[in-house]
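Trainee: Provided herewith is a single structure, encoded as structure tokens, for subsequent inquiry.
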Number of protein chains: 2
Amino acid sequence: MPRTADHELRRAQMAEAVHRLIAHDGLDAATMAAVAREAGFSVGLVQHYFASKDDLLLFAYERMTADQLARVARLVTEGEADEQPIRAILLRCMPQLWPLDEVRRGEYRVNRAFHTRSLDNPTVAEVARQTAASVRAQVARAVENGKECGEVAKHADAELLAVELTAMIEGLADDLYREPELRVGERTAAEAAQVILERRLAAVFPGECRHYRGRSETD
Amino acid sequence: MPRTADHELRRAQMAEAVHRLIAHDGLDAATMAAVAREAGFSVGLVQHYFASKDDLLLFAYERMTADQLARVARLVTEGEADEQPIRAILLRCMPQLWPLDEVRRGEYRVNRAFHTRSLDNPTVAEVARQTAASVRAQVARAVENGKECGEVAKHADAELLAVELTAMIEGLADDLYREPELRVGERTAAEAAQVILERRLAAVFPGECRHYRGRSETD
DNA sequence: GAAAAAACCATATGGTCATATGGCAACGCG
DNA sequence: CGCGTTGCCATATGACCATATGGTTTTTTC
């Protein structure tokens with residue numbers, strides 16, 4: 001066998017370069033030449049690892065959404081370990097998708113770039129669809145769990161509430177990016193978004209949690 | 001004076017061509033050549049009426065947002081003429097921004113394209129900001145009016161509710177476009193969005209309207 | 001240590017784009 | 001009626017892009 005290289009590492013390096021470029025200057029800035037330069041490789045090598053630019057972009061997109069979901073999953077695990085009420089866990093997880101710091105602002109920009117791309121690219125659209133479905137399903141499950149542990153009223157429509165909550169999070173993210181300096185009454189935009197979320201969660205999860213007492217931690 | 005032409009008409013024709021192209025195939029499809037062809041003119045003429053492509057796109061964007069706002073304003077006027085409660089008026093206006101038919105799907109696509117463009121283009125960002133601010137202000141005013149006519153609780157935070165409602169509308173629009181075929185329980189996606197909106201509006205506007213009795217229609 | 005395969009690179013190619021340029025056609029005004 | 005302005009067009013120009021092509025370099029194995 002000849003010379004070897006870590007394929008996954010290379011692909012990750014290139015995907016990171018794509019991410020940085022899009023986060024900084026938008027999708028159009030992510031040309032093959034720019035990606036190669038940013039990652040410190042030649043154009044030829046990028047071609048070596050990705051059959052086409054479309055493949056490269058899709059890979060970078062999938063990577064980022066997976067990262068985001070993993071970050072949220074970690075917060076959920078931590079919250080469950082601390083036996084926090086579901087409402088509190090959601091309250092910490094959902095703002096992860098808000099552009100509140102430079103990292104998340106970058107992710108927001110990349111997300112938006114691909115969102116628009118998804119309008120004309122079925123493959124990207126499918127990734128976006130699955131990601132949204134996954135988030136929605138997790139929120140719906142959180143609401144269902146809330147019913148079992150007493151935080152949520154039994155008659156609540158978990159699926160419908162999940163749609164509402166995820167939509168609100170997404171919409172608020174747009175607002176926060178568009179006008180980070182906005183003031184709502186005496187609140188900053190970020191505080192306002194936080195309060196809005198708190199109130200909705202308080203309405204959906206009005207009860208006290210029976211802290212997993214005697215129940216096994218079934219995930 | 002020599003030969004004359006209707007400048008505003010020409011610019012409008014070109015803006016409409018831009019709209020059609022973006023609605024159908026995305027922002028990248030709106031090249032100068034494509035716009036010229038779509039509008040039935042030469043490239044040179046498009047250049048004659050717009051100093052640059054940026055100008056052309058900005059004009060098209062401003063035009064569309066103005067059209068949308070006008071359409072909503074018309075619904076508001078109609079609703080007020082019919083002495084409908086504010087809640088009912090909002091319930092009819094807000095779904096105007098949802099991609100429920102081909103026209104609005106097109107508008108949604110154009111909006112999204114420019115939204116992404118706004119991330120890297122301050123001029124476009126400013127238009128998006130002002131449009132969002134205008135919508136938010138109108139919703140906030142609707143809530144304030146609701147207080148006066150008895151539909152809304154006096155202690156409600158109109159500004160905060162306006163942020164929440166507009167964010168929800170925007171987020172639901174994304175959902176509806178992404179998965180128009182989604183079913184939420186027994187509801188279609190459109191029905192689900194409608195129900196979500198209805199319930200939120202019912203929560204914010206729980207009271208009966210004192211139908212403008214004895215009050216002048218101060219807009 | 002040599003062969004071979006993979007890693008990696010520089011550059012060519014063909015296409016597309018925004019914009020520039022130069023000119024023709026039409027029409028209002030004198 | 002003809003002059004001049006403006007409406008309008010065809011094409012040139014130079015930049016940039018994704019991808020193709022034909023290498024050179026490195027490293028492993030026998």
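Labeling convention for the structure tokens: chains A, B, ... as they appear, residues from 1 per chain, ligands from 1 in order of appearance.
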Which residues of chain A come within 8 Å of chain B, and what is each one's closest atom pair and distance in Å (one decimal), counting only C-alpha atoms, sorted by chain and residue number, as CSV?

Mentor:
```
residue,atom,partner,partner_atom,distance
A:Asp25,CA,B:Asp120,CA,6.5
A:Gly26,CA,B:Asp120,CA,6.6
A:Arg109,CA,B:Leu119,CA,7.1
A:Arg112,CA,B:Thr116,CA,6.1
A:Ala113,CA,B:Thr116,CA,5.9
A:Thr116,CA,B:Ala113,CA,5.9
A:Leu119,CA,B:Arg109,CA,7.1
A:Asp120,CA,B:Asp25,CA,6.6
A:Ala125,CA,B:Arg178,CA,7.5
A:Ala128,CA,B:Arg178,CA,7.9
A:Arg129,CA,B:Arg178,CA,6.3
A:Glu159,CA,B:Val184,CA,6.3
A:Leu160,CA,B:Val184,CA,6.4
A:Leu161,CA,B:Ile196,CA,7.9
A:Val163,CA,B:Leu172,CA,7.9
A:Glu164,CA,B:Ile196,CA,6.5
A:Thr166,CA,B:Gly171,CA,7.5
A:Ala167,CA,B:Gly171,CA,4.0
A:Met168,CA,B:Met168,CA,4.5
A:Ile169,CA,B:Gly171,CA,7.4
A:Glu170,CA,B:Gly171,CA,5.3
A:Gly171,CA,B:Ala167,CA,4.0
A:Leu172,CA,B:Ala167,CA,5.2
A:Asp174,CA,B:Ala167,CA,7.7
A:Asp175,CA,B:Ala167,CA,7.1
A:Arg178,CA,B:Arg129,CA,6.3
A:Glu179,CA,B:Arg129,CA,7.1
A:Val184,CA,B:Glu159,CA,6.3
A:Gly185,CA,B:Glu159,CA,7.1
A:Ala192,CA,B:Leu160,CA,6.8
A:Ala193,CA,B:Glu164,CA,7.9
A:Ile196,CA,B:Glu164,CA,6.5
```

Trainee: Got a sec: who's within 7 Å of Val127 in chain B, counting only C-alpha atoms (C1' of nucleotides), leaving out chain neighbours fewer than 4 positions off, as a VMD selection string?

Mentor: chain B and resid 62 123 131

Trainee: Set the distance at 10 Å and use only C-alpha atoms (C1' of nucleotides): which residues neighbour DA20 in chain C once local chain neighbours fewer than 2 positions away are removed? I'd like the list as a list in words.

Mentor: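 Here the answer would be DA18 and DG22 of chain C; DA12 and DT13 of chain D.
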
Trainee: As an MDAnalysis selection string, please: the residues near Ala12 in chain A (cut-off 12 Å, only C-alpha atoms (C1' of nucleotides), same-chain neighbours under 4 positions excluded).

Mentor: chainID A and resid 6:8 16:19 39 46 49:50 56:57 59:64

Trainee: May I have the residues from that selection written out with N, CA and C atoms, as a PDB file, in the first residue's frame?

Mentor:
```
ATOM      1  N   ASP A   6      -5.490  10.692   6.270  1.00  0.00           N
ATOM      2  CA  ASP A   6      -6.725  10.522   7.024  1.00  0.00           C
ATOM      3  C   ASP A   6      -7.873  11.181   6.265  1.00  0.00           C
ATOM      4  N   HIS A   7      -8.631  10.352   5.571  1.00  0.00           N
ATOM      5  CA  HIS A   7      -9.691  10.889   4.711  1.00  0.00           C
ATOM      6  C   HIS A   7     -10.700  11.730   5.488  1.00  0.00           C
ATOM      7  N   GLU A   8     -11.142  11.196   6.594  1.00  0.00           N
ATOM      8  CA  GLU A   8     -12.166  11.919   7.347  1.00  0.00           C
ATOM      9  C   GLU A   8     -11.636  13.246   7.863  1.00  0.00           C
ATOM     10  N   GLU A  16     -14.784  22.510   7.392  1.00  0.00           N
ATOM     11  CA  GLU A  16     -14.608  23.642   8.310  1.00  0.00           C
ATOM     12  C   GLU A  16     -14.272  24.919   7.541  1.00  0.00           C
ATOM     13  N   ALA A  17     -13.457  24.750   6.518  1.00  0.00           N
ATOM     14  CA  ALA A  17     -13.121  25.917   5.691  1.00  0.00           C
ATOM     15  C   ALA A  17     -14.389  26.465   5.035  1.00  0.00           C
ATOM     16  N   VAL A  18     -15.218  25.574   4.537  1.00  0.00           N
ATOM     17  CA  VAL A  18     -16.496  26.001   3.948  1.00  0.00           C
ATOM     18  C   VAL A  18     -17.316  26.760   4.985  1.00  0.00           C
ATOM     19  N   HIS A  19     -17.394  26.197   6.158  1.00  0.00           N
ATOM     20  CA  HIS A  19     -18.166  26.833   7.223  1.00  0.00           C
ATOM     21  C   HIS A  19     -17.652  28.247   7.495  1.00  0.00           C
ATOM     22  N   ALA A  39      -8.446  26.277   3.561  1.00  0.00           N
ATOM     23  CA  ALA A  39      -8.077  25.033   4.233  1.00  0.00           C
ATOM     24  C   ALA A  39      -6.584  24.759   4.114  1.00  0.00           C
ATOM     25  N   VAL A  46      -8.963  19.365  -3.091  1.00  0.00           N
ATOM     26  CA  VAL A  46     -10.379  19.446  -2.733  1.00  0.00           C
ATOM     27  C   VAL A  46     -11.188  18.593  -3.699  1.00  0.00           C
ATOM     28  N   TYR A  49     -11.054  14.944  -2.864  1.00  0.00           N
ATOM     29  CA  TYR A  49     -11.855  14.453  -1.744  1.00  0.00           C
ATOM     30  C   TYR A  49     -13.359  14.625  -1.936  1.00  0.00           C
ATOM     31  N   PHE A  50     -13.730  15.479  -2.860  1.00  0.00           N
ATOM     32  CA  PHE A  50     -15.163  15.660  -3.134  1.00  0.00           C
ATOM     33  C   PHE A  50     -15.393  15.646  -4.641  1.00  0.00           C
ATOM     34  N   LEU A  56     -19.339  18.763  -1.679  1.00  0.00           N
ATOM     35  CA  LEU A  56     -18.604  19.448  -0.615  1.00  0.00           C
ATOM     36  C   LEU A  56     -19.538  20.270   0.259  1.00  0.00           C
ATOM     37  N   LEU A  57     -20.389  21.042  -0.373  1.00  0.00           N
ATOM     38  CA  LEU A  57     -21.295  21.904   0.382  1.00  0.00           C
ATOM     39  C   LEU A  57     -22.276  21.073   1.200  1.00  0.00           C
ATOM     40  N   PHE A  59     -21.874  18.084   2.330  1.00  0.00           N
ATOM     41  CA  PHE A  59     -21.142  17.483   3.450  1.00  0.00           C
ATOM     42  C   PHE A  59     -20.969  18.491   4.578  1.00  0.00           C
ATOM     43  N   ALA A  60     -20.574  19.697   4.224  1.00  0.00           N
ATOM     44  CA  ALA A  60     -20.366  20.743   5.233  1.00  0.00           C
ATOM     45  C   ALA A  60     -21.674  21.040   5.956  1.00  0.00           C
ATOM     46  N   TYR A  61     -22.757  21.056   5.211  1.00  0.00           N
ATOM     47  CA  TYR A  61     -24.064  21.354   5.814  1.00  0.00           C
ATOM     48  C   TYR A  61     -24.475  20.252   6.787  1.00  0.00           C
ATOM     49  N   GLU A  62     -24.373  19.029   6.323  1.00  0.00           N
ATOM     50  CA  GLU A  62     -24.754  17.902   7.177  1.00  0.00           C
ATOM     51  C   GLU A  62     -23.926  17.892   8.458  1.00  0.00           C
ATOM     52  N   ARG A  63     -22.649  18.170   8.310  1.00  0.00           N
ATOM     53  CA  ARG A  63     -21.751  18.214   9.456  1.00  0.00           C
ATOM     54  C   ARG A  63     -22.217  19.243  10.480  1.00  0.00           C
ATOM     55  N   MET A  64     -22.563  20.421   9.972  1.00  0.00           N
ATOM     56  CA  MET A  64     -22.931  21.480  10.909  1.00  0.00           C
ATOM     57  C   MET A  64     -24.230  21.157  11.638  1.00  0.00           C
TER      58      MET A  64
END
```

Trainee: Please identify all polymer residues within 12 Å of DG23 in chain D, counting only C-alpha atoms (C1' of nucleotides), omitting same-chain residues fewer than 4 positions from it, and present them as a VMD selection string.

Mentor: (chain A and resid 44) or (chain C and resid 8 to 11)

Trainee: With N, CA and C atoms (P, O5', C5', C4', C3', O3' and C1' of nucleotides) retained, write the just-selected residues as a PDB file, in the first residue's frame.

Mentor:
```pdb
ATOM      1  N   GLY A  44      -6.952  21.118  -6.542  1.00  0.00           N
ATOM      2  CA  GLY A  44      -6.942  19.730  -6.963  1.00  0.00           C
ATOM      3  C   GLY A  44      -7.244  18.768  -5.824  1.00  0.00           C
TER       4      GLY A  44
ATOM      5  P    DC C   8      -2.797  14.651   1.145  1.00  0.00           P
ATOM      6  O5'  DC C   8      -2.350  15.596  -0.058  1.00  0.00           O
ATOM      7  C5'  DC C   8      -0.952  15.785  -0.285  1.00  0.00           C
ATOM      8  C4'  DC C   8      -0.724  16.404  -1.635  1.00  0.00           C
ATOM      9  C3'  DC C   8      -1.535  17.674  -1.944  1.00  0.00           C
ATOM     10  O3'  DC C   8      -0.711  18.812  -1.719  1.00  0.00           O
ATOM     11  C1'  DC C   8      -1.163  16.277  -3.852  1.00  0.00           C
ATOM     12  P    DC C   9      -1.289  20.239  -1.901  1.00  0.00           P
ATOM     13  O5'  DC C   9      -0.808  20.602  -3.381  1.00  0.00           O
ATOM     14  C5'  DC C   9       0.568  20.477  -3.726  1.00  0.00           C
ATOM     15  C4'  DC C   9       0.744  20.794  -5.200  1.00  0.00           C
ATOM     16  C3'  DC C   9       0.080  22.086  -5.649  1.00  0.00           C
ATOM     17  O3'  DC C   9       1.077  22.963  -6.152  1.00  0.00           O
ATOM     18  C1'  DC C   9      -0.410  20.301  -7.143  1.00  0.00           C
ATOM     19  P    DA C  10       0.813  24.470  -6.334  1.00  0.00           P
ATOM     20  O5'  DA C  10       0.879  24.542  -7.925  1.00  0.00           O
ATOM     21  C5'  DA C  10       1.897  23.823  -8.623  1.00  0.00           C
ATOM     22  C4'  DA C  10       1.726  24.016 -10.117  1.00  0.00           C
ATOM     23  C3'  DA C  10       1.241  25.396 -10.555  1.00  0.00           C
ATOM     24  O3'  DA C  10       1.910  25.741 -11.758  1.00  0.00           O
ATOM     25  C1'  DA C  10      -0.344  23.760 -11.211  1.00  0.00           C
ATOM     26  P    DT C  11       1.617  27.127 -12.485  1.00  0.00           P
ATOM     27  O5'  DT C  11       0.575  26.704 -13.617  1.00  0.00           O
ATOM     28  C5'  DT C  11       0.878  25.567 -14.426  1.00  0.00           C
ATOM     29  C4'  DT C  11      -0.311  25.207 -15.267  1.00  0.00           C
ATOM     30  C3'  DT C  11      -1.033  26.386 -15.951  1.00  0.00           C
ATOM     31  O3'  DT C  11      -1.200  26.047 -17.309  1.00  0.00           O
ATOM     32  C1'  DT C  11      -2.572  24.982 -14.935  1.00  0.00           C
TER      33       DT C  11
END
```

Trainee: For the interface of chain D with chain B (cut-off 12 Å, counting only C-alpha atoms (C1' of nucleotides)), please tabulate each contacting residue of chain D alongside its nearest pair of atoms and their separation in Å to one decimal, rows sorted by chain and increasing number, as JSON lines.

Mentor:
```
{"residue": "D:DC3", "atom": "C1'", "partner": "B:Pro2", "partner_atom": "CA", "distance": 10.3}
{"residue": "D:DG4", "atom": "C1'", "partner": "B:Pro2", "partner_atom": "CA", "distance": 7.6}
{"residue": "D:DT5", "atom": "C1'", "partner": "B:Pro2", "partner_atom": "CA", "distance": 5.2}
{"residue": "D:DT6", "atom": "C1'", "partner": "B:Arg3", "partner_atom": "CA", "distance": 5.8}
{"residue": "D:DG7", "atom": "C1'", "partner": "B:Arg3", "partner_atom": "CA", "distance": 6.8}
{"residue": "D:DC8", "atom": "C1'", "partner": "B:Leu45", "partner_atom": "CA", "distance": 6.2}
{"residue": "D:DC9", "atom": "C1'", "partner": "B:Ser42", "partner_atom": "CA", "distance": 6.2}
{"residue": "D:DA10", "atom": "C1'", "partner": "B:Ser42", "partner_atom": "CA", "distance": 8.8}
{"residue": "D:DT11", "atom": "C1'", "partner": "B:Gly44", "partner_atom": "CA", "distance": 10.5}
```

Trainee: With DSSP run on the backbone, what are the strand (DSSP E) residues within range 77-218 of chain A? I'd like them as a ChimeraX atom specification.

Mentor: /A:183-184,187-188

Trainee: Do a neighbour search on DT19 in chain D at 10 Å with only C-alpha atoms (C1' of nucleotides), toss out local chain neighbours closer than 5 positions, and write the hits as a PyMOL selection string.

Mentor: (chain A and resi 32+44+47+51-53) or (chain C and resi 13-14)

Trainee: Once you count only C-alpha atoms (C1' of nucleotides), which residues of chain C turn out to be within 9 Å of chain B? Could you give them as a VMD selection string?

Mentor: chain C and resid 17 to 19 26 to 29

Trainee: May I have the residues from that selection written out with N, CA and C atoms (P, O5', C5', C4', C3', O3' and C1' of nucleotides), as a compact mmCIF listing (two decimals), in the first residue's frame?

Mentor:
```txt
# COMPACT_ATOMS: atom_id res chain seq x y z
P DC C 17 -25.13 33.07 -16.57
O5' DC C 17 -24.61 34.40 -15.89
C5' DC C 17 -23.84 34.32 -14.68
C4' DC C 17 -22.99 35.55 -14.55
C3' DC C 17 -23.70 36.83 -14.95
O3' DC C 17 -24.17 37.50 -13.80
C1' DC C 17 -21.43 36.76 -15.77
P DA C 18 -25.10 38.74 -13.95
O5' DA C 18 -24.06 39.95 -13.90
C5' DA C 18 -23.20 40.06 -12.78
C4' DA C 18 -22.31 41.26 -12.94
C3' DA C 18 -23.03 42.58 -13.18
O3' DA C 18 -22.37 43.61 -12.48
C1' DA C 18 -21.65 42.06 -15.06
P DT C 19 -22.95 45.06 -12.50
O5' DT C 19 -22.12 45.72 -13.70
C5' DT C 19 -20.70 45.62 -13.69
C4' DT C 19 -20.12 46.04 -15.03
C3' DT C 19 -20.64 47.40 -15.58
O3' DT C 19 -19.52 48.25 -15.71
C1' DT C 19 -20.51 45.75 -17.27
P DA C 26 -37.47 52.40 -36.21
O5' DA C 26 -38.09 53.52 -35.26
C5' DA C 26 -38.31 53.20 -33.89
C4' DA C 26 -38.49 54.48 -33.12
C3' DA C 26 -39.56 55.42 -33.68
O3' DA C 26 -40.29 55.92 -32.58
C1' DA C 26 -37.59 56.59 -33.35
P DC C 27 -41.92 56.07 -32.75
O5' DC C 27 -42.17 57.48 -32.06
C5' DC C 27 -41.50 57.76 -30.84
C4' DC C 27 -41.02 59.19 -30.82
C3' DC C 27 -42.01 60.21 -31.40
O3' DC C 27 -42.25 61.19 -30.42
C1' DC C 27 -39.83 60.65 -32.12
P DG C 28 -43.75 61.82 -30.31
O5' DG C 28 -43.45 63.18 -29.52
C5' DG C 28 -42.59 63.16 -28.38
C4' DG C 28 -41.72 64.41 -28.35
C3' DG C 28 -42.47 65.72 -28.60
O3' DG C 28 -41.98 66.71 -27.71
C1' DG C 28 -40.75 65.48 -30.22
P DC C 29 -42.74 68.04 -27.52
O5' DC C 29 -41.78 69.05 -28.30
C5' DC C 29 -40.41 69.15 -27.90
C4' DC C 29 -39.62 69.94 -28.92
C3' DC C 29 -40.26 71.27 -29.33
O3' DC C 29 -39.30 72.30 -29.18
C1' DC C 29 -39.62 70.04 -31.25
```

Trainee: Neighbouring residues of range 81-86 of chain A were defined as those with any atom within 6 Å, considering only C-alpha atoms (C1' of nucleotides); residues of the same chain fewer than 3 positions away were excluded. Please report them as a list in words.

Mentor: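 Counting only the stated atoms, we get Glu78, Ile89 and Cys209 of chain A.
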
Trainee: Going by DSSP on the backbone, which residues of chain B come out as helix (DSSP H, G or I)? List them as a PyMOL selection string.

Mentor: chain B and resi 7-25+27-29+32-39+43-49+53-81+86-97+102-118+122-149+158-178+189-204

Trainee: So how far away is CA of Ala66 in chain A from CA of Gly106 in chain A, in Å?

Mentor: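 Straight-line distance from CA of Gly106 in chain A to CA of Ala66 in chain A works out to 15.3 Å.
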